[in-house]
>>> print(open('query04.txt').read())   # compact mmCIF, C-alpha atoms and all ligand atoms
# COMPACT_ATOMS: atom_id res chain seq x y z
CA MET W 1 -261.54 61.24 -88.86
CA ASN W 2 -259.12 59.65 -86.45
CA LEU W 3 -258.98 56.08 -87.67
CA ALA W 4 -255.93 53.87 -87.33
CA PRO W 5 -254.46 52.56 -90.61
CA LEU W 6 -255.10 48.88 -91.20
CA PRO W 7 -252.38 46.30 -91.86
CA PRO W 8 -252.00 45.07 -95.45
CA PRO W 9 -253.86 41.89 -96.41
CA ALA W 10 -252.30 38.80 -94.87
CA PRO W 11 -250.25 36.55 -97.15
CA ASP W 12 -251.57 33.09 -97.89
CA LEU W 13 -249.77 30.83 -95.48
CA LEU W 14 -251.89 27.79 -96.07
CA HIS W 15 -252.77 26.24 -99.37
CA SER W 16 -255.33 23.48 -98.95
CA PRO W 17 -257.91 22.13 -101.33
CA PRO W 18 -261.23 23.99 -101.02
CA MET W 19 -263.93 22.52 -98.83
CA ARG W 20 -267.33 22.15 -100.46
CA ASP W 21 -270.19 24.04 -98.89
CA PRO W 22 -271.05 21.78 -95.94
CA LYS W 23 -274.70 23.00 -95.99
CA GLU W 24 -274.43 24.12 -92.42
CA PRO W 25 -277.42 23.47 -90.17
CA ILE W 26 -279.24 26.63 -89.10
CA HIS W 27 -279.37 27.07 -85.33
CA THR W 28 -281.87 29.20 -83.43
CA PHE W 29 -282.00 30.99 -80.10
CA ALA W 30 -283.62 27.90 -78.53
CA ASP W 31 -280.50 25.82 -79.37
CA LEU W 32 -278.46 28.06 -77.08
CA GLU W 33 -280.15 26.70 -73.96
CA HIS W 34 -278.14 23.45 -74.15
CA TRP W 35 -275.27 24.26 -76.48
CA PRO W 36 -273.47 21.00 -77.39
CA HIS W 37 -270.17 22.17 -78.97
CA ALA W 38 -267.28 21.72 -76.53
CA GLY W 39 -264.60 23.43 -78.68
CA VAL W 40 -264.05 27.11 -79.47
CA ALA W 41 -267.14 28.48 -81.16
CA LEU W 42 -267.66 31.34 -83.62
CA GLY W 43 -270.85 32.20 -85.47
CA ILE W 44 -272.90 34.46 -87.66
CA LEU W 45 -276.27 35.98 -86.68
CA GLY W 46 -278.76 37.09 -89.31
CA HIS W 47 -282.42 36.98 -90.28
CA PRO W 48 -282.76 35.36 -92.76
CA ILE W 49 -279.45 33.51 -92.73
CA ALA W 50 -279.83 30.47 -95.01
CA HIS W 51 -278.05 32.19 -97.93
CA SER W 52 -274.90 33.09 -95.97
CA LEU W 53 -271.62 31.76 -97.39
CA SER W 54 -269.65 32.78 -94.29
CA PRO W 55 -269.83 29.36 -92.55
CA ALA W 56 -268.41 27.64 -95.66
CA ILE W 57 -265.63 30.25 -95.92
CA GLN W 58 -264.74 30.36 -92.21
CA ASN W 59 -264.93 26.60 -91.61
CA ALA W 60 -262.68 25.95 -94.63
CA ALA W 61 -260.17 28.41 -93.19
CA LEU W 62 -260.38 26.88 -89.68
CA ALA W 63 -259.94 23.36 -91.07
CA ALA W 64 -256.88 24.46 -93.05
CA LEU W 65 -255.40 26.15 -89.99
CA ALA W 66 -256.06 23.13 -87.73
CA ARG W 67 -254.10 20.88 -90.12
CA SER W 68 -250.93 22.85 -89.43
CA ASP W 69 -251.60 24.15 -85.90
CA PRO W 70 -253.22 21.84 -83.31
CA ARG W 71 -254.29 24.83 -81.18
CA PHE W 72 -257.13 25.34 -83.66
CA GLU W 73 -258.55 21.81 -83.55
CA GLY W 74 -262.16 21.95 -82.38
CA TRP W 75 -262.71 25.55 -83.58
CA ARG W 76 -265.98 25.76 -85.50
CA TYR W 77 -268.18 28.51 -87.00
CA PHE W 78 -271.98 28.20 -86.71
CA LYS W 79 -274.97 29.78 -88.44
CA PHE W 80 -277.81 31.32 -86.37
CA ASP W 81 -281.21 32.63 -87.44
CA ILE W 82 -281.89 35.31 -84.83
CA ALA W 83 -284.91 37.62 -85.14
CA PRO W 84 -284.36 41.33 -84.37
CA ALA W 85 -286.24 41.10 -81.04
CA GLU W 86 -283.97 38.22 -79.93
CA LEU W 87 -280.69 39.98 -80.67
CA PRO W 88 -279.92 41.44 -77.19
CA ARG W 89 -280.67 38.13 -75.43
CA ALA W 90 -278.76 36.14 -78.04
CA LEU W 91 -275.67 38.37 -77.66
CA ASP W 92 -275.79 37.95 -73.87
CA ARG W 93 -276.25 34.19 -74.07
CA LEU W 94 -273.48 33.70 -76.65
CA HIS W 95 -271.12 35.69 -74.44
CA GLN W 96 -272.14 33.63 -71.42
CA LEU W 97 -271.49 30.43 -73.39
CA GLY W 98 -267.96 31.62 -74.17
CA PHE W 99 -268.30 32.16 -77.94
CA ARG W 100 -265.04 33.74 -79.09
CA GLY W 101 -266.35 35.83 -81.96
CA LEU W 102 -269.38 36.64 -84.07
CA ASN W 103 -270.30 38.06 -87.44
CA LEU W 104 -273.47 40.08 -87.87
CA THR W 105 -275.42 40.38 -91.07
CA VAL W 106 -278.75 41.87 -92.17
CA PRO W 107 -280.59 43.17 -90.14
CA HIS W 108 -278.30 43.26 -87.05
CA LYS W 109 -275.27 45.38 -88.01
CA ALA W 110 -276.64 48.71 -86.77
CA ALA W 111 -278.88 47.38 -83.99
CA ALA W 112 -276.00 45.55 -82.28
CA VAL W 113 -273.99 48.74 -81.72
CA ALA W 114 -276.11 49.66 -78.66
CA HIS W 115 -275.21 46.32 -77.04
CA LEU W 116 -271.41 46.50 -77.33
CA ALA W 117 -269.00 46.97 -74.43
CA ALA W 118 -266.54 48.70 -76.78
CA ALA W 119 -266.18 49.48 -80.47
CA ASP W 120 -263.49 50.67 -82.86
CA ALA W 121 -263.55 54.08 -84.56
CA PHE W 122 -264.90 52.64 -87.82
CA VAL W 123 -267.99 51.32 -86.01
CA HIS W 124 -268.64 54.75 -84.51
CA ALA W 125 -268.28 56.42 -87.91
CA ALA W 126 -270.39 53.90 -89.85
CA GLY W 127 -272.90 53.25 -87.05
CA ALA W 128 -272.64 49.55 -87.80
CA ALA W 129 -270.57 46.53 -86.71
CA ASN W 130 -270.17 43.29 -88.64
CA THR W 131 -267.58 41.56 -86.42
CA LEU W 132 -267.61 41.06 -82.65
CA LEU W 133 -264.72 39.88 -80.51
CA ARG W 134 -265.29 38.53 -77.02
CA THR W 135 -263.77 40.44 -74.10
CA ASP W 136 -264.41 39.78 -70.41
CA ALA W 137 -266.48 42.96 -70.22
CA GLY W 138 -268.69 42.03 -73.19
CA TRP W 139 -268.50 42.20 -77.00
CA ARG W 140 -266.04 44.51 -78.75
CA GLY W 141 -267.32 45.65 -82.16
CA ALA W 142 -265.35 46.07 -85.38
CA ASN W 143 -266.35 46.70 -88.97
CA THR W 144 -264.40 44.75 -91.56
CA ASP W 145 -266.78 45.51 -94.48
CA GLY W 146 -265.00 48.78 -95.35
CA PRO W 147 -261.44 47.40 -95.27
CA GLY W 148 -262.77 44.30 -97.08
CA LEU W 149 -264.04 46.54 -99.86
CA SER W 150 -260.75 48.39 -100.38
CA ALA W 151 -258.78 45.11 -100.32
CA ALA W 152 -261.19 43.60 -102.86
CA LEU W 153 -260.97 46.64 -105.17
CA ARG W 154 -257.19 46.47 -104.99
CA GLN W 155 -257.23 42.77 -105.93
CA ASP W 156 -259.75 43.04 -108.77
CA PRO W 157 -260.26 45.27 -110.78
CA GLY W 158 -256.98 46.62 -109.35
CA LEU W 159 -258.16 50.06 -108.18
CA GLU W 160 -257.22 52.22 -105.17
CA LEU W 161 -259.76 54.38 -103.35
CA ALA W 162 -257.02 56.80 -102.31
CA GLY W 163 -257.15 59.81 -104.65
CA ALA W 164 -260.04 58.37 -106.69
CA HIS W 165 -263.36 59.92 -107.60
CA VAL W 166 -265.98 57.49 -106.30
CA ILE W 167 -269.63 57.10 -107.31
CA LEU W 168 -271.38 55.04 -104.63
CA LEU W 169 -274.88 53.68 -105.21
CA GLY W 170 -276.95 52.96 -102.09
CA ALA W 171 -277.41 54.37 -98.59
CA GLY W 172 -278.04 51.22 -96.52
CA GLY W 173 -275.66 49.42 -94.17
CA ALA W 174 -273.19 48.31 -96.84
CA ALA W 175 -273.08 51.79 -98.39
CA ARG W 176 -272.42 53.37 -94.99
CA ALA W 177 -269.35 51.17 -94.48
CA ALA W 178 -268.21 51.81 -98.07
CA ALA W 179 -268.60 55.59 -97.68
CA VAL W 180 -266.60 55.67 -94.43
CA GLU W 181 -263.89 53.57 -96.11
CA CYS W 182 -263.75 55.97 -99.09
CA LEU W 183 -263.21 58.90 -96.70
CA ARG W 184 -260.75 56.95 -94.53
CA GLN W 185 -258.71 56.15 -97.66
CA HIS W 186 -258.83 59.84 -98.70
CA CYS W 187 -260.74 59.54 -101.95
CA ALA W 188 -260.68 62.73 -104.03
CA ALA W 189 -264.48 63.19 -103.99
CA LEU W 190 -267.53 61.07 -103.24
CA TRP W 191 -270.90 61.05 -105.06
CA ILE W 192 -273.65 59.03 -103.38
CA GLY W 193 -276.86 58.12 -105.19
CA ASN W 194 -279.86 56.42 -103.63
CA ARG W 195 -283.46 55.60 -104.53
CA SER W 196 -285.09 57.13 -101.44
CA HIS W 197 -283.91 60.54 -100.28
CA GLU W 198 -284.54 59.94 -96.54
CA ARG W 199 -281.73 57.43 -96.13
CA LEU W 200 -279.51 59.37 -98.53
CA ASP W 201 -279.89 62.63 -96.59
CA ALA W 202 -279.27 60.86 -93.27
CA LEU W 203 -276.09 59.21 -94.59
CA VAL W 204 -274.68 62.37 -96.17
CA GLY W 205 -275.54 64.39 -93.05
CA ASN W 206 -273.65 61.91 -90.88
CA LEU W 207 -270.64 61.73 -93.23
CA GLU W 208 -270.19 65.51 -93.20
CA ASN W 209 -268.72 65.12 -89.69
CA PHE W 210 -265.97 62.89 -91.09
CA ALA W 211 -265.38 64.24 -94.58
CA ALA W 212 -262.51 66.54 -93.49
CA GLY W 213 -262.71 68.65 -96.65
CA ILE W 214 -263.37 65.81 -99.12
CA PRO W 215 -266.20 66.99 -101.43
CA LEU W 216 -269.44 65.07 -100.87
CA HIS W 217 -272.32 65.12 -103.37
CA SER W 218 -275.64 63.31 -103.35
CA PHE W 219 -278.13 62.51 -106.12
CA ALA W 220 -281.35 60.64 -106.80
CA LEU W 221 -280.58 57.28 -108.37
CA GLY W 222 -283.12 57.83 -111.14
CA GLN W 223 -281.61 61.22 -112.07
CA PRO W 224 -277.80 61.05 -112.11
CA PRO W 225 -276.37 64.58 -112.44
CA SER W 226 -274.75 65.61 -115.71
CA ASP W 227 -271.48 66.57 -113.98
CA LEU W 228 -270.54 63.09 -112.71
CA PRO W 229 -266.82 62.60 -113.37
CA ALA W 230 -265.33 60.25 -115.96
CA GLY W 231 -262.72 57.78 -114.70
CA ALA W 232 -264.44 57.24 -111.34
CA ILE W 233 -264.75 54.00 -109.38
CA LEU W 234 -268.43 53.06 -109.48
CA ILE W 235 -269.57 50.91 -106.52
CA ASN W 236 -273.00 49.33 -106.31
CA ALA W 237 -274.03 48.94 -102.66
CA THR W 238 -277.76 48.74 -103.38
CA ALA W 239 -279.65 45.48 -103.12
CA ALA W 240 -280.59 45.77 -106.82
CA GLY W 241 -278.94 42.71 -108.34
CA LEU W 242 -279.67 40.23 -105.57
CA ASP W 243 -281.99 38.66 -108.11
CA PRO W 244 -280.11 38.41 -111.45
CA ARG W 245 -283.33 39.51 -113.23
CA ASP W 246 -283.19 42.89 -111.37
CA PRO W 247 -282.55 45.85 -113.66
CA ALA W 248 -279.26 47.67 -113.02
CA PRO W 249 -279.56 50.52 -110.45
CA VAL W 250 -278.16 52.94 -113.09
CA ASP W 251 -277.70 52.72 -116.85
CA LEU W 252 -273.93 52.66 -117.34
CA ARG W 253 -274.35 53.69 -120.97
CA LEU W 254 -275.71 57.07 -119.85
CA LEU W 255 -272.85 57.84 -117.44
CA PRO W 256 -269.33 59.12 -118.18
CA ARG W 257 -267.15 56.03 -118.55
CA PRO W 258 -265.91 54.85 -115.12
CA ALA W 259 -262.42 53.38 -114.51
CA GLY W 260 -264.05 50.30 -112.99
CA VAL W 261 -267.31 48.92 -111.65
CA PHE W 262 -267.55 47.00 -108.39
CA ASP W 263 -270.86 45.33 -107.52
CA MET W 264 -271.11 44.23 -103.87
CA THR W 265 -273.82 41.78 -104.86
CA TYR W 266 -272.67 38.24 -105.57
CA GLY W 267 -274.28 35.11 -106.93
CA PRO W 268 -273.79 32.42 -109.55
CA THR W 269 -274.98 34.79 -112.32
CA PRO W 270 -273.52 38.27 -113.03
CA THR W 271 -275.84 41.22 -112.31
CA ALA W 272 -277.26 43.44 -115.08
CA LEU W 273 -274.78 46.16 -114.02
CA LEU W 274 -271.80 43.81 -114.43
CA ARG W 275 -273.14 42.45 -117.71
CA THR W 276 -273.29 45.98 -119.11
CA ALA W 277 -269.78 46.76 -117.80
CA THR W 278 -268.54 43.63 -119.61
CA ASP W 279 -270.28 44.71 -122.84
CA LEU W 280 -268.64 48.15 -122.59
CA GLY W 281 -265.20 46.69 -121.81
CA ILE W 282 -265.05 48.34 -118.38
CA PRO W 283 -263.00 46.46 -115.71
CA ARG W 284 -265.46 45.01 -113.19
CA ALA W 285 -265.78 42.63 -110.23
CA ASP W 286 -268.55 41.17 -108.12
CA GLY W 287 -268.78 41.15 -104.30
CA VAL W 288 -267.33 37.71 -103.57
CA SER W 289 -263.82 39.03 -103.04
CA MET W 290 -265.18 41.64 -100.59
CA LEU W 291 -266.99 38.88 -98.70
CA VAL W 292 -263.73 36.94 -98.51
CA HIS W 293 -261.59 39.92 -97.47
CA GLN W 294 -264.01 41.09 -94.77
CA GLY W 295 -264.14 37.48 -93.53
CA ALA W 296 -260.35 37.23 -93.57
CA ARG W 297 -260.03 40.30 -91.34
CA ALA W 298 -262.62 38.90 -88.93
CA PHE W 299 -260.75 35.55 -88.90
CA GLU W 300 -257.53 37.36 -88.00
CA LEU W 301 -259.21 39.25 -85.17
CA TRP W 302 -260.52 36.00 -83.67
CA THR W 303 -257.50 33.73 -84.24
CA GLY W 304 -254.59 36.18 -84.13
CA VAL W 305 -253.02 34.48 -87.17
CA ALA W 306 -252.92 35.31 -90.89
CA ALA W 307 -256.01 34.22 -92.78
CA PRO W 308 -255.59 31.62 -95.56
CA LEU W 309 -257.04 33.88 -98.26
CA ALA W 310 -256.71 31.39 -101.12
CA VAL W 311 -258.55 28.71 -99.12
CA MET W 312 -261.33 31.16 -98.21
CA SER W 313 -261.67 32.39 -101.76
CA ALA W 314 -261.89 28.86 -103.18
CA ALA W 315 -264.48 27.89 -100.51
CA ALA W 316 -266.61 30.94 -101.41
CA ARG W 317 -266.55 30.20 -105.16
CA SER W 318 -267.24 26.51 -104.52
CA ALA W 319 -270.19 27.26 -102.20
CA LEU W 320 -271.59 29.70 -104.79
CA SER W 321 -271.33 27.18 -107.60
CA HIS W 322 -273.28 24.66 -105.49
CA ASP W 323 -275.95 27.22 -104.52
P1 LIG W 401 -279.78 47.52 -96.81
O1 LIG W 401 -281.12 46.88 -96.75
O2 LIG W 401 -279.23 48.16 -95.58
O3 LIG W 401 -279.81 48.67 -97.96
C1 LIG W 401 -280.35 48.38 -99.23
C2 LIG W 401 -280.00 49.50 -100.20
O4 LIG W 401 -280.38 49.08 -101.51
C3 LIG W 401 -280.73 50.81 -99.94
O5 LIG W 401 -279.89 51.87 -100.35
C4 LIG W 401 -281.95 50.68 -100.86
O6 LIG W 401 -282.48 51.93 -101.25
C5 LIG W 401 -281.32 50.04 -102.07
N1 LIG W 401 -282.23 49.28 -102.92
C6 LIG W 401 -282.92 48.16 -102.58
N2 LIG W 401 -283.59 47.71 -103.65
C7 LIG W 401 -283.32 48.57 -104.68
C8 LIG W 401 -283.72 48.63 -106.04
N3 LIG W 401 -284.53 47.71 -106.57
N4 LIG W 401 -283.24 49.63 -106.81
C9 LIG W 401 -282.38 50.55 -106.28
N5 LIG W 401 -281.99 50.55 -104.99
C10 LIG W 401 -282.45 49.56 -104.19
O7 LIG W 401 -278.80 46.40 -97.39
P2 LIG W 401 -277.21 46.36 -97.24
O8 LIG W 401 -276.70 47.74 -97.40
O9 LIG W 401 -276.82 45.59 -96.05
O10 LIG W 401 -276.81 45.45 -98.51
C11 LIG W 401 -276.86 45.99 -99.84
C12 LIG W 401 -276.23 44.99 -100.80
O11 LIG W 401 -274.85 44.80 -100.52
C13 LIG W 401 -276.86 43.58 -100.73
O12 LIG W 401 -276.94 43.09 -102.05
C14 LIG W 401 -275.87 42.78 -99.94
O13 LIG W 401 -275.90 41.40 -100.27
C15 LIG W 401 -274.57 43.42 -100.40
N6 LIG W 401 -273.47 43.25 -99.44
C16 LIG W 401 -272.35 42.60 -99.85
C17 LIG W 401 -271.28 42.44 -99.00
C18 LIG W 401 -270.08 41.73 -99.47
O14 LIG W 401 -269.20 41.39 -98.66
N7 LIG W 401 -269.93 41.50 -100.76
C19 LIG W 401 -271.30 42.95 -97.61
C20 LIG W 401 -272.53 43.64 -97.28
C21 LIG W 401 -273.58 43.76 -98.17
P3 LIG W 401 -283.66 52.65 -100.42
O15 LIG W 401 -282.99 53.41 -99.31
O16 LIG W 401 -284.30 53.51 -101.42
O17 LIG W 401 -284.57 51.54 -99.92
>>> encode(input="query04.txt", output="structure tokens", more="lines below")
Ligand code: NDP
Amino acid sequence: MNLAPLPPPAPDLLHSPPMRDPKEPIHTFADLEHWPHAGVALGILGHPIAHSLSPAIQNAALAALARSDPRFEGWRYFKFDIAPAELPRALDRLHQLGFRGLNLTVPHKAAAVAHLAAADAFVHAAGAANTLLRTDAGWRGANTDGPGLSAALRQDPGLELAGAHVILLGAGGAARAAAVECLRQHCAALWIGNRSHERLDALVGNLENFAAGIPLHSFALGQPPSDLPAGAILINATAAGLDPRDPAPVDLRLLPRPAGVFDMTYGPTPTALLRTATDLGIPRADGVSMLVHQGARAFELWTGVAAPLAVMSAAARSALSHD
């Protein structure tokens, strides 16, 4: 896979007190007819979108930046509920209005790819974009979920994908980005487990074009194979855990002990998977740091300056605690 290496995470240049979740208003496609904001605008499109923490994280970072650099006064990040059928028209209208950048979340990451003027290699490999940057010709797509995952793993629980055995749970959009990142970072081998075999087979089939000799294995989530390796990084990219009452997607007690468990899900309460990891004394982390790191990379693409990671992280934790 011919993907350019990414720069290391930006240092924290700005240390400001965290902003509380401003409970952003939710805009719709109709609001774009007479858009009132005169400054530079960014935004996130999703459906539903109410739960998104990205506006709290990005607006805290923009406010911190504006305090030290007047060029960023008037920059603001907005939240849009856009139904799938509205996506092409919304992308056109936001470009016409001069929006500088966008994030995409469920269910738009894959659907948007057909409407991009250009896209980076990661988007082509994962078939999904989560960050768009305005160009005169149209939107340029990037995917910061994968790099956000490896930066988060490095931060906590302090694990590197390079050279690691990885057990990835899930075959949806988040798992696709995670799988491409594992291959891009040259993991030693990748096991992917999913509940339904259709999505699993499609993902593994697509990854074979990029694996470049890295062993790829797939399994049914309910029947983990007996030869899973000990000491692996276990990543949950399924939606099991969105509700803290959800059972864990796999029973950690039945698997060879992993080196660490990373659950992309995040919320005020730890998931069943993370609770079991804690009971077993296995290093673990939830998905907030990934959310922050993918957001930091998007911020840097839009602003051209280093993201204030500590500000973004504090804003995310604060917004979660006020959920
Ligand atoms: P998708 O809808 O694209 O995929 C959902 C995946 O979860 C599928 O593999 C699906 O399996 C599986 N799944 C759903 N419910 C269950 C269940 N009860 N038991 C086992 N498997 C289940 O969602 P995404 O890939 O976009 O998101 C997945 C998770 O990752 C979400 O919790 C999301 O919030 C999180 N996420 C976190 C990010 C972060 O920055 N921290 C970034 C992106 C996502 P099947 O194919 O069988 O339906």
>>> residues_near_ligand(input="query04.txt", ligand="ligand LIG 401 (chain W)", cutoff="6 Å", atoms="only C-alpha atoms and all ligand atoms", output="number ranges by chain")
W: 106, 170-175, 194-196, 199, 237-240, 242, 249, 264-265, 287-288, 290-291
>>> write_last_selection(input="query04.txt", atoms="C-alpha atoms", output="PDB file, in the frame of the given file")
ATOM      1  CA  VAL W 106    -278.750  41.870 -92.170  1.00  0.00           C
ATOM      2  CA  GLY W 170    -276.950  52.960-102.090  1.00  0.00           C
ATOM      3  CA  ALA W 171    -277.410  54.370 -98.590  1.00  0.00           C
ATOM      4  CA  GLY W 172    -278.040  51.220 -96.520  1.00  0.00           C
ATOM      5  CA  GLY W 173    -275.660  49.420 -94.170  1.00  0.00           C
ATOM      6  CA  ALA W 174    -273.190  48.310 -96.840  1.00  0.00           C
ATOM      7  CA  ALA W 175    -273.080  51.790 -98.390  1.00  0.00           C
ATOM      8  CA  ASN W 194    -279.860  56.420-103.630  1.00  0.00           C
ATOM      9  CA  ARG W 195    -283.460  55.600-104.530  1.00  0.00           C
ATOM     10  CA  SER W 196    -285.090  57.130-101.440  1.00  0.00           C
ATOM     11  CA  ARG W 199    -281.730  57.430 -96.130  1.00  0.00           C
ATOM     12  CA  ALA W 237    -274.030  48.940-102.660  1.00  0.00           C
ATOM     13  CA  THR W 238    -277.760  48.740-103.380  1.00  0.00           C
ATOM     14  CA  ALA W 239    -279.650  45.480-103.120  1.00  0.00           C
ATOM     15  CA  ALA W 240    -280.590  45.770-106.820  1.00  0.00           C
ATOM     16  CA  LEU W 242    -279.670  40.230-105.570  1.00  0.00           C
ATOM     17  CA  PRO W 249    -279.560  50.520-110.450  1.00  0.00           C
ATOM     18  CA  MET W 264    -271.110  44.230-103.870  1.00  0.00           C
ATOM     19  CA  THR W 265    -273.820  41.780-104.860  1.00  0.00           C
ATOM     20  CA  GLY W 287    -268.780  41.150-104.300  1.00  0.00           C
ATOM     21  CA  VAL W 288    -267.330  37.710-103.570  1.00  0.00           C
ATOM     22  CA  MET W 290    -265.180  41.640-100.590  1.00  0.00           C
ATOM     23  CA  LEU W 291    -266.990  38.880 -98.700  1.00  0.00           C
TER      24      LEU W 291
END
>>> closest_residue(input="query04.txt", among="W:Ser150, W:Thr144, W:Gln223, W:Thr28", to="W:Ala90", atoms="all atoms listed in the file")
W:Thr28
>>> atom_distance(input="query04.txt", atom1="atom CA of W:Ala306", atom2="atom CA of W:Asp156")
20.6 Å
>>> closest_residue(input="query04.txt", among="W:Met312, W:Ile233, W:Ile57, W:Ile44", to="W:Pro157", atoms="all atoms listed in the file")
W:Ile233
>>> residues_near_point(input="query04.txt", point="(-248.9, 27.5, -89.1)", cutoff="10 Å", atoms="all atoms listed in the file", output="ChimeraX atom specification")
/W:13-14,64-71,305-306
>>> residues_around(input="query04.txt", residues="W:Ala188", least_positions_apart="4", cutoff="6 Å", atoms="all atoms listed in the file", output="NGL selection string")
:W and (163-165)
>>> residues_around(input="query04.txt", residues="W:Pro147", least_positions_apart="6", cutoff="9 Å", atoms="all atoms listed in the file", output="JSON, numbers by chain")
{"W": [6, 177, 178, 181, 290, 293, 294, 297]}
>>> write_last_selection(input="query04.txt", atoms="C-alpha atoms", output="CSV table (one decimal), keeping the file's coordinate frame")
chain,number,residue,atom,x,y,z
W,6,LEU,CA,-255.1,48.9,-91.2
W,177,ALA,CA,-269.4,51.2,-94.5
W,178,ALA,CA,-268.2,51.8,-98.1
W,181,GLU,CA,-263.9,53.6,-96.1
W,290,MET,CA,-265.2,41.6,-100.6
W,293,HIS,CA,-261.6,39.9,-97.5
W,294,GLN,CA,-264.0,41.1,-94.8
W,297,ARG,CA,-260.0,40.3,-91.3
>>> closest_residue(input="query04.txt", among="W:Ile82, W:Ile26, W:Leu153, W:Ala114", to="W:Ser289", atoms="all atoms listed in the file")
W:Leu153
>>> atom_distance(input="query04.txt", atom1="atom CA of W:Asp145", atom2="atom CA of W:Pro270")
21.0 Å
>>> residues_around(input="query04.txt", residues="W:Pro55", least_positions_apart="2", cutoff="7 Å", atoms="only C-alpha atoms", output="list in words")
Glu24, Leu53, Ile57, Gln58, Asn59, Tyr77, Phe78 and Lys79 of chain W
>>> closest_residue(input="query04.txt", among="W:Ala126, W:Ala63, W:Leu149, W:Ala41", to="W:Leu94", atoms="only C-alpha atoms")
W:Ala41
>>> atom_distance(input="query04.txt", atom1="atom CA of W:Lys23", atom2="atom CA of W:Ala314")
15.8 Å
>>> closest_residue(input="query04.txt", among="W:Ile235, W:Ala50, W:Leu91, W:Leu62", to="W:Ala296", atoms="only C-alpha atoms")
W:Leu62
>>> residues_around(input="query04.txt", residues="W:Gly39", least_positions_apart="5", cutoff="9 Å", atoms="all atoms listed in the file", output="number ranges by chain")
W: 73-76
